[in-house]
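Chemist: The structure file my_file_18.pdb (PDB, C-alpha atoms) is provided below.
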ATOM      1  CA  MET G 219     -97.645 169.826  25.463
ATOM      2  CA  ASN G 220     -99.976 168.104  27.910
ATOM      3  CA  MET G 221    -102.133 165.026  27.408
ATOM      4  CA  LYS G 222    -105.316 167.074  26.904
ATOM      5  CA  LYS G 223    -103.811 168.375  23.666
ATOM      6  CA  ILE G 224    -102.276 165.121  22.404
ATOM      7  CA  ILE G 225    -105.293 162.809  22.913
ATOM      8  CA  PRO G 226    -107.476 164.559  20.258
ATOM      9  CA  VAL G 227    -104.592 164.362  17.773
ATOM     10  CA  ILE G 228    -104.150 160.618  18.399
ATOM     11  CA  LEU G 229    -107.925 160.041  18.119
ATOM     12  CA  PHE G 230    -108.014 161.977  14.824
ATOM     13  CA  ILE G 231    -105.181 159.878  13.356
ATOM     14  CA  ILE G 232    -106.837 156.619  14.417
ATOM     15  CA  SER G 233    -110.238 157.766  13.081
ATOM     16  CA  TYR G 234    -108.739 158.808   9.748
ATOM     17  CA  CYS G 235    -106.970 155.467   9.317
ATOM     18  CA  MET G 236    -110.086 153.534  10.343
ATOM     19  CA  ALA G 237    -112.220 155.441   7.807
ATOM     20  CA  PHE G 238    -109.687 154.792   5.038
ATOM     21  CA  ALA G 239    -109.392 151.146   6.074
ATOM     22  CA  GLN G 240    -113.123 150.547   5.438
ATOM     23  CA  ASP G 241    -112.435 150.595   1.685
ATOM     24  CA  THR G 242    -109.399 148.345   1.861
ATOM     25  CA  ASP G 243    -111.073 145.631   4.001
ATOM     26  CA  GLU G 244    -113.265 144.501   1.079
ATOM     27  CA  TYR G 245    -110.191 144.261  -1.152
ATOM     28  CA  PHE G 246    -108.260 142.140   1.380
ATOM     29  CA  ASP G 247    -111.282 139.905   2.078
ATOM     30  CA  GLU G 248    -111.535 139.248  -1.674
ATOM     31  CA  LEU G 249    -107.836 138.313  -1.815
ATOM     32  CA  ASP G 250    -108.261 135.962   1.172
ATOM     33  CA  SER G 251    -111.197 134.175  -0.465
ATOM     34  CA  ILE G 252    -109.208 133.697  -3.706
ATOM     35  CA  GLU G 253    -106.311 132.225  -1.716
ATOM     36  CA  GLU G 254    -108.654 129.855   0.167
ATOM     37  CA  LYS G 255    -110.160 128.619  -3.122
ATOM     38  CA  LYS G 256    -106.645 127.811  -4.374
ATOM     39  CA  GLY G 257    -105.998 125.732  -1.229
ATOM     40  CA  LEU G 258    -103.453 128.143   0.213
ATOM     41  CA  PHE G 259    -102.935 128.502   3.951
ATOM     42  CA  SER G 260    -102.053 132.001   5.152
ATOM     43  CA  ASN G 261     -99.106 132.396   7.491
ATOM     44  CA  LYS G 262     -99.641 135.976   8.677
ATOM     45  CA  ASN G 263     -96.851 138.073  10.217
ATOM     46  CA  ALA G 264     -96.328 141.685  11.259
ATOM     47  CA  ILE G 265     -93.573 143.885  12.624
ATOM     48  CA  LYS G 266     -94.434 147.104  14.472
ATOM     49  CA  LEU G 267     -92.630 150.062  16.014
ATOM     50  CA  SER G 268     -93.770 152.657  18.510
ATOM     51  CA  PRO G 269     -91.965 155.270  20.595
ATOM     52  CA  ALA G 270     -91.539 154.717  24.335
ATOM     53  CA  ILE G 271     -92.867 157.859  26.034
ATOM     54  CA  PHE G 272     -93.465 158.422  29.740
ATOM     55  CA  THR G 273     -94.711 162.020  29.807
ATOM     56  CA  GLY G 274     -94.746 164.772  27.212
ATOM     57  CA  LEU G 275     -94.003 164.136  23.563
ATOM     58  CA  VAL G 276     -90.285 163.367  23.670
ATOM     59  CA  PRO G 277     -89.564 159.692  22.920
ATOM     60  CA  ARG G 278     -87.081 158.210  25.405
ATOM     61  CA  GLY G 279     -86.928 154.771  23.851
ATOM     62  CA  ILE G 280     -88.537 152.355  21.446
ATOM     63  CA  ASN G 281     -90.925 149.404  21.414
ATOM     64  CA  PHE G 282     -90.363 146.722  18.762
ATOM     65  CA  TYR G 283     -93.082 144.116  18.134
ATOM     66  CA  TYR G 284     -93.273 140.919  16.103
ATOM     67  CA  GLU G 285     -96.660 139.267  15.721
ATOM     68  CA  LYS G 286     -97.413 135.909  14.138
ATOM     69  CA  GLY G 287    -100.702 134.247  13.299
ATOM     70  CA  LEU G 288    -101.188 130.890  15.000
ATOM     71  CA  GLY G 289    -102.574 129.033  12.005
ATOM     72  CA  CYS G 290    -106.218 129.730  12.738
ATOM     73  CA  GLU G 291    -108.376 132.687  11.874
ATOM     74  CA  HIS G 292    -108.814 134.285  15.304
ATOM     75  CA  PHE G 293    -105.557 133.893  17.261
ATOM     76  CA  SER G 294    -102.036 135.291  17.113
ATOM     77  CA  ILE G 295     -99.061 135.809  19.417
ATOM     78  CA  ASN G 296     -97.476 139.240  19.878
ATOM     79  CA  LEU G 297     -93.876 139.449  21.160
ATOM     80  CA  SER G 298     -92.382 142.799  22.145
ATOM     81  CA  ILE G 299     -89.116 144.256  23.351
ATOM     82  CA  ARG G 300     -88.960 147.694  24.941
ATOM     83  CA  TYR G 301     -85.932 149.828  25.668
ATOM     84  CA  TYR G 302     -86.342 153.013  27.715
ATOM     85  CA  ALA G 303     -83.347 155.331  28.159
ATOM     86  CA  GLY G 304     -84.564 156.801  31.449
ATOM     87  CA  SER G 305     -85.829 160.289  32.218
ATOM     88  CA  VAL G 306     -86.609 162.843  34.862
ATOM     89  CA  ASP G 307     -89.977 164.443  34.091
ATOM     90  CA  LYS G 308     -92.247 166.898  35.835
ATOM     91  CA  GLN G 309     -95.699 165.571  36.676
ATOM     92  CA  THR G 310     -98.537 167.302  34.828
ATOM     93  CA  GLY G 311     -99.856 170.228  36.846
ATOM     94  CA  SER G 312     -97.111 169.913  39.445
ATOM     95  CA  SER G 313     -93.516 170.889  40.010
ATOM     96  CA  GLN G 314     -92.753 167.426  41.410
ATOM     97  CA  GLU G 315     -90.236 165.442  39.378
ATOM     98  CA  VAL G 316     -90.632 161.761  38.548
ATOM     99  CA  PHE G 317     -87.552 159.651  37.875
ATOM    100  CA  VAL G 318     -87.993 156.776  35.453
ATOM    101  CA  PRO G 319     -84.831 154.661  35.346
ATOM    102  CA  GLU G 320     -83.328 153.092  32.243
ATOM    103  CA  HIS G 321     -84.903 149.695  31.668
ATOM    104  CA  SER G 322     -85.816 147.041  29.152
ATOM    105  CA  ARG G 323     -88.787 144.678  29.068
ATOM    106  CA  PHE G 324     -89.824 141.596  27.104
ATOM    107  CA  GLU G 325     -93.539 140.809  26.713
ATOM    108  CA  ILE G 326     -95.681 138.022  25.308
ATOM    109  CA  GLN G 327     -99.311 138.711  24.463
ATOM    110  CA  PRO G 328    -101.597 135.965  23.130
ATOM    111  CA  ARG G 329    -104.275 137.783  21.129
ATOM    112  CA  PHE G 330    -107.848 137.023  20.172
ATOM    113  CA  TRP G 331    -109.271 138.673  17.038
ATOM    114  CA  PRO G 332    -113.120 138.594  17.024
ATOM    115  CA  GLY G 333    -113.064 139.187  13.249
ATOM    116  CA  LYS G 334    -109.970 137.973  11.387
ATOM    117  CA  GLN G 335    -106.297 138.079  12.311
ATOM    118  CA  PHE G 336    -104.662 141.461  11.748
ATOM    119  CA  ASN G 337    -107.969 143.146  11.029
ATOM    120  CA  GLY G 338    -109.943 145.313  13.442
ATOM    121  CA  LEU G 339    -110.363 144.662  17.159
ATOM    122  CA  ASN G 340    -107.995 142.480  19.203
ATOM    123  CA  LEU G 341    -107.626 141.722  22.908
ATOM    124  CA  GLY G 342    -105.605 139.560  25.223
ATOM    125  CA  PRO G 343    -103.546 139.184  28.407
ATOM    126  CA  ILE G 344    -100.009 140.565  28.777
ATOM    127  CA  PHE G 345     -97.129 138.692  30.407
ATOM    128  CA  GLY G 346     -93.832 140.532  30.781
ATOM    129  CA  VAL G 347     -90.439 140.410  32.437
ATOM    130  CA  TYR G 348     -87.980 143.265  33.043
ATOM    131  CA  HIS G 349     -84.209 143.022  32.691
ATOM    132  CA  THR G 350     -84.024 142.755  36.500
ATOM    133  CA  GLY G 351     -86.264 139.680  36.558
ATOM    134  CA  ASP G 352     -89.337 141.525  37.898
ATOM    135  CA  ILE G 353     -92.562 140.189  36.387
ATOM    136  CA  THR G 354     -95.534 142.213  35.150
ATOM    137  CA  GLY G 355     -98.943 141.328  33.761
ATOM    138  CA  GLY G 356    -102.109 142.922  32.515
ATOM    139  CA  PHE G 357    -104.737 143.052  29.802
ATOM    140  CA  SER G 358    -104.811 145.056  26.592
ATOM    141  CA  PHE G 359    -107.167 145.713  23.703
ATOM    142  CA  GLY G 360    -106.444 147.391  20.405
ATOM    143  CA  TYR G 361    -107.674 148.228  16.949
ATOM    144  CA  LEU G 362    -105.657 147.620  13.785
ATOM    145  CA  ALA G 363    -106.473 149.554  10.617
ATOM    146  CA  LYS G 364    -104.757 148.760   7.307
ATOM    147  CA  PHE G 365    -104.068 151.703   5.027
ATOM    148  CA  SER G 366    -102.364 149.776   2.203
ATOM    149  CA  LYS G 367    -101.707 146.156   1.259
ATOM    150  CA  HIS G 368     -98.792 145.910   3.725
ATOM    151  CA  PHE G 369     -98.904 148.911   6.087
ATOM    152  CA  PHE G 370    -101.166 149.583   9.049
ATOM    153  CA  VAL G 371    -101.608 151.615  12.205
ATOM    154  CA  GLU G 372    -102.619 150.066  15.512
ATOM    155  CA  GLY G 373    -103.836 151.870  18.601
ATOM    156  CA  PHE G 374    -104.010 150.061  21.939
ATOM    157  CA  ALA G 375    -104.870 150.620  25.589
ATOM    158  CA  GLY G 376    -104.937 148.486  28.678
ATOM    159  CA  ILE G 377    -104.076 148.062  32.327
ATOM    160  CA  GLN G 378    -100.872 146.583  33.682
ATOM    161  CA  THR G 379     -99.167 145.966  37.002
ATOM    162  CA  SER G 380     -96.248 148.317  37.508
ATOM    163  CA  ALA G 381     -92.749 147.594  38.661
ATOM    164  CA  ILE G 382     -89.998 149.743  40.140
ATOM    165  CA  GLU G 383     -88.472 149.931  36.644
ATOM    166  CA  GLU G 384     -91.384 152.099  35.501
ATOM    167  CA  GLY G 385     -90.789 154.631  38.273
ATOM    168  CA  LEU G 386     -94.439 154.486  39.331
ATOM    169  CA  THR G 387     -95.780 154.368  42.872
ATOM    170  CA  ASN G 388     -99.172 152.869  41.887
ATOM    171  CA  SER G 389     -99.413 149.089  41.643
ATOM    172  CA  ILE G 390    -101.543 149.303  38.467
ATOM    173  CA  TYR G 391    -101.264 151.783  35.613
ATOM    174  CA  ILE G 392    -102.957 152.484  32.297
ATOM    175  CA  ARG G 393    -100.874 151.933  29.181
ATOM    176  CA  TYR G 394    -101.664 153.157  25.706
ATOM    177  CA  GLY G 395     -99.854 153.602  22.446
ATOM    178  CA  LEU G 396     -99.881 153.909  18.709
ATOM    179  CA  CYS G 397     -97.828 151.623  16.434
ATOM    180  CA  LEU G 398     -96.966 151.746  12.778
ATOM    181  CA  GLY G 399     -96.481 148.351  11.217
ATOM    182  CA  TYR G 400     -95.711 146.244   8.186
ATOM    183  CA  PHE G 401     -97.782 143.148   7.450
ATOM    184  CA  TRP G 402     -96.981 140.210   5.157
ATOM    185  CA  THR G 403     -98.431 136.806   4.430
ATOM    186  CA  GLY G 404     -96.468 133.665   3.652
ATOM    187  CA  LYS G 405     -98.289 130.991   1.687
ATOM    188  CA  ARG G 406     -98.036 127.220   1.634
ATOM    189  CA  LYS G 407    -100.222 124.570   0.080
ATOM    190  CA  VAL G 408    -102.566 122.790   2.442
ATOM    191  CA  ASN G 409    -101.811 119.034   2.872
ATOM    192  CA  GLU G 410     -98.175 119.267   1.751
TER
END
Could the structure of this file be written out as structure tokens, please?

Modeler:
Amino acid sequence: MNMKKIIPVILFIISYCMAFAQDTDEYFDELDSIEEKKGLFSNKNAIKLSPAIFTGLVPRGINFYYEKGLGCEHFSINLSIRYYAGSVDKQTGSSQEVFVPEHSRFEIQPRFWPGKQFNGLNLGPIFGVYHTGDITGGFSFGYLAKFSKHFFVEGFAGIQTSAIEEGLTNSIYIRYGLCLGYFWTGKRKVNE
């Protein structure tokens, strides 16, 4: 299956979750205001998973994310680990093969949330390092939509510098993905 067929499916899933999330946002905002009145400080956390795919639909690895709120309403830090098993794929519309070697990558992404943490739009720079020591960087933006009290879907896109580990010949590439995640909030009394 080529990208022209998969992109509408991904957009439909994101749109569906965003439409459903409109109803749940009011509920979560009400919970937040009750917690603030009780003098509770929210310590927000999330774990996320997404498949690592180079071309086609066959996952060749996994991305694991942990995100933590930074104690204020608009900032968080996203840490990720990626493992890719390696692949030899044909380029779309060509018989040329592309070799993507086995690799792993660790990334740190400080995030800014124009609304509230873990709700809606987010953006921020990306700083990463591969298992070989090569460094990468870029910028990403995403949209998080809750579909229950603890579960959400997040779509993201951005640009990033490539490294030999990605098997790309361009110095910059577009990255995109879709994560499923679990969100929880720890509470502690303010001024304790």

Chemist: Excluding G:Lys334 and any residue of its chain fewer than 3 positions from it, enumerate the residues within 8 Å of it, using all atoms listed in the file, and give them as a PyMOL selection string.

Modeler: chain G and resi 291-292+331+337-338

Chemist: To verify the selection step, state as an MDAnalysis selection string which residues the PyMOL selection byres ((chain G and resi 390) around 8) yields on this input.

Modeler: chainID G and resid 377:380 388:389 391:392

Chemist: G:Leu288: which residues within 10 Å, counting only C-alpha atoms, same-chain residues fewer than 4 positions away excluded, as a PDB file with C-alpha atoms, in the frame of the given file?

Modeler:
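Writing done, so here's around-v8.pdb:
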ATOM      1  CA  SER G 260    -102.053 132.001   5.152  1.00  0.00           C
ATOM      2  CA  ASN G 261     -99.106 132.396   7.491  1.00  0.00           C
ATOM      3  CA  LYS G 262     -99.641 135.976   8.677  1.00  0.00           C
ATOM      4  CA  ASN G 263     -96.851 138.073  10.217  1.00  0.00           C
ATOM      5  CA  HIS G 292    -108.814 134.285  15.304  1.00  0.00           C
ATOM      6  CA  PHE G 293    -105.557 133.893  17.261  1.00  0.00           C
ATOM      7  CA  SER G 294    -102.036 135.291  17.113  1.00  0.00           C
ATOM      8  CA  ILE G 295     -99.061 135.809  19.417  1.00  0.00           C
ATOM      9  CA  PRO G 328    -101.597 135.965  23.130  1.00  0.00           C
ATOM     10  CA  ARG G 329    -104.275 137.783  21.129  1.00  0.00           C
ATOM     11  CA  GLN G 335    -106.297 138.079  12.311  1.00  0.00           C
TER      12      GLN G 335
END

Chemist: Calculate how many Å separate atom CA of G:Gly404 from atom CA of G:Asn296, rounding to one decimal.

Modeler: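 These two atoms are separated by 17.2 Å.
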
Chemist: If you measure from atom CA of G:Leu339 to atom CA of G:Phe370, what distance in Å do you get, rounded to one decimal?

Modeler: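 Taking atom CA of G:Leu339 as the start and atom CA of G:Phe370 as the end point, the length is 13.2 Å.
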
Chemist: Please write the residues picked by the PyMOL selection byres ((chain G and resi 345) around 6) on this file as a VMD selection string.

Modeler: chain G and resid 325 to 326 344 346 355

Chemist: Could you list, as an MDAnalysis selection string, every residue within 7 Å of G:Ile280, counting all atoms listed in the file and ignoring same-chain residues fewer than 2 positions away?

Modeler: chainID G and resid 268:270 282 300:302

Chemist: So that I can check the surroundings of G:Val347, please list as a list in words every protein, DNA and RNA residue that reaches within 9 Å of it, counting all atoms listed in the file and ignoring chain neighbours fewer than 5 positions away.

Modeler: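 Once the nearby chain positions are removed, what remains is Ser322, Arg323, Phe324, Glu325, Asp352, Ile353, Thr354 and Gly355 of chain G.
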
Chemist: Convert the output of the PyMOL selection byres ((chain G and resi 365-368) around 6) on the shown file into explicit residues, formatted as a ChimeraX atom specification.

Modeler: /G:239,364,369-370,400-401

Chemist: As an exercise, work out the distance from atom CA of G:Gly287 to atom CA of G:His321 in Å and give it to one decimal place.

Modeler: 28.7 Å

Chemist: Taking every listed atom of stretch 357-376 of chain G and adding 6 Å to each side, what centre and edge lengths in Å (one decimal) does the axis-aligned box have, as lines of an AutoDock Vina configuration file?

Modeler:
center_x = -103.2
center_y = 147.5
center_z = 15.5
size_x = 20.9
size_y = 20.8
size_z = 40.5

Chemist: Identify which of the residues G:Phe374, G:Tyr348, G:Trp402, G:Phe357 lies closest to G:Ala264, counting only C-alpha atoms when measuring atom-to-atom distances.

Modeler: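 Among the listed residues, G:Trp402 lies closest to G:Ala264.
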
Chemist: If we draw a sphere of 8 Å around (-105.6, 147.0, 25.4), which residues have at least one atom in it when counting all atoms listed in the file? Please report them as a list in words.

Modeler: Leu341, Gly342, Phe357, Ser358, Phe359, Gly360, Phe374, Ala375, Gly376, Ile377, Arg393 and Tyr394 of chain G

Chemist: Could you turn the residues from that selection into a file that holds C-alpha atoms, as a compact mmCIF listing (two decimals), in the frame of the given file?

Modeler:
# COMPACT_ATOMS: atom_id res chain seq x y z
CA LEU G 341 -107.63 141.72 22.91
CA GLY G 342 -105.60 139.56 25.22
CA PHE G 357 -104.74 143.05 29.80
CA SER G 358 -104.81 145.06 26.59
CA PHE G 359 -107.17 145.71 23.70
CA GLY G 360 -106.44 147.39 20.40
CA PHE G 374 -104.01 150.06 21.94
CA ALA G 375 -104.87 150.62 25.59
CA GLY G 376 -104.94 148.49 28.68
CA ILE G 377 -104.08 148.06 32.33
CA ARG G 393 -100.87 151.93 29.18
CA TYR G 394 -101.66 153.16 25.71

Chemist: Taking (-91.6, 152.5, 16.3) in the file's coordinates as the center, which residues reach within 12 Å of it, counting only C-alpha atoms, put as an MDAnalysis selection string?

Modeler: chainID G and resid 265:271 277:284 298:301 371:372 395:400
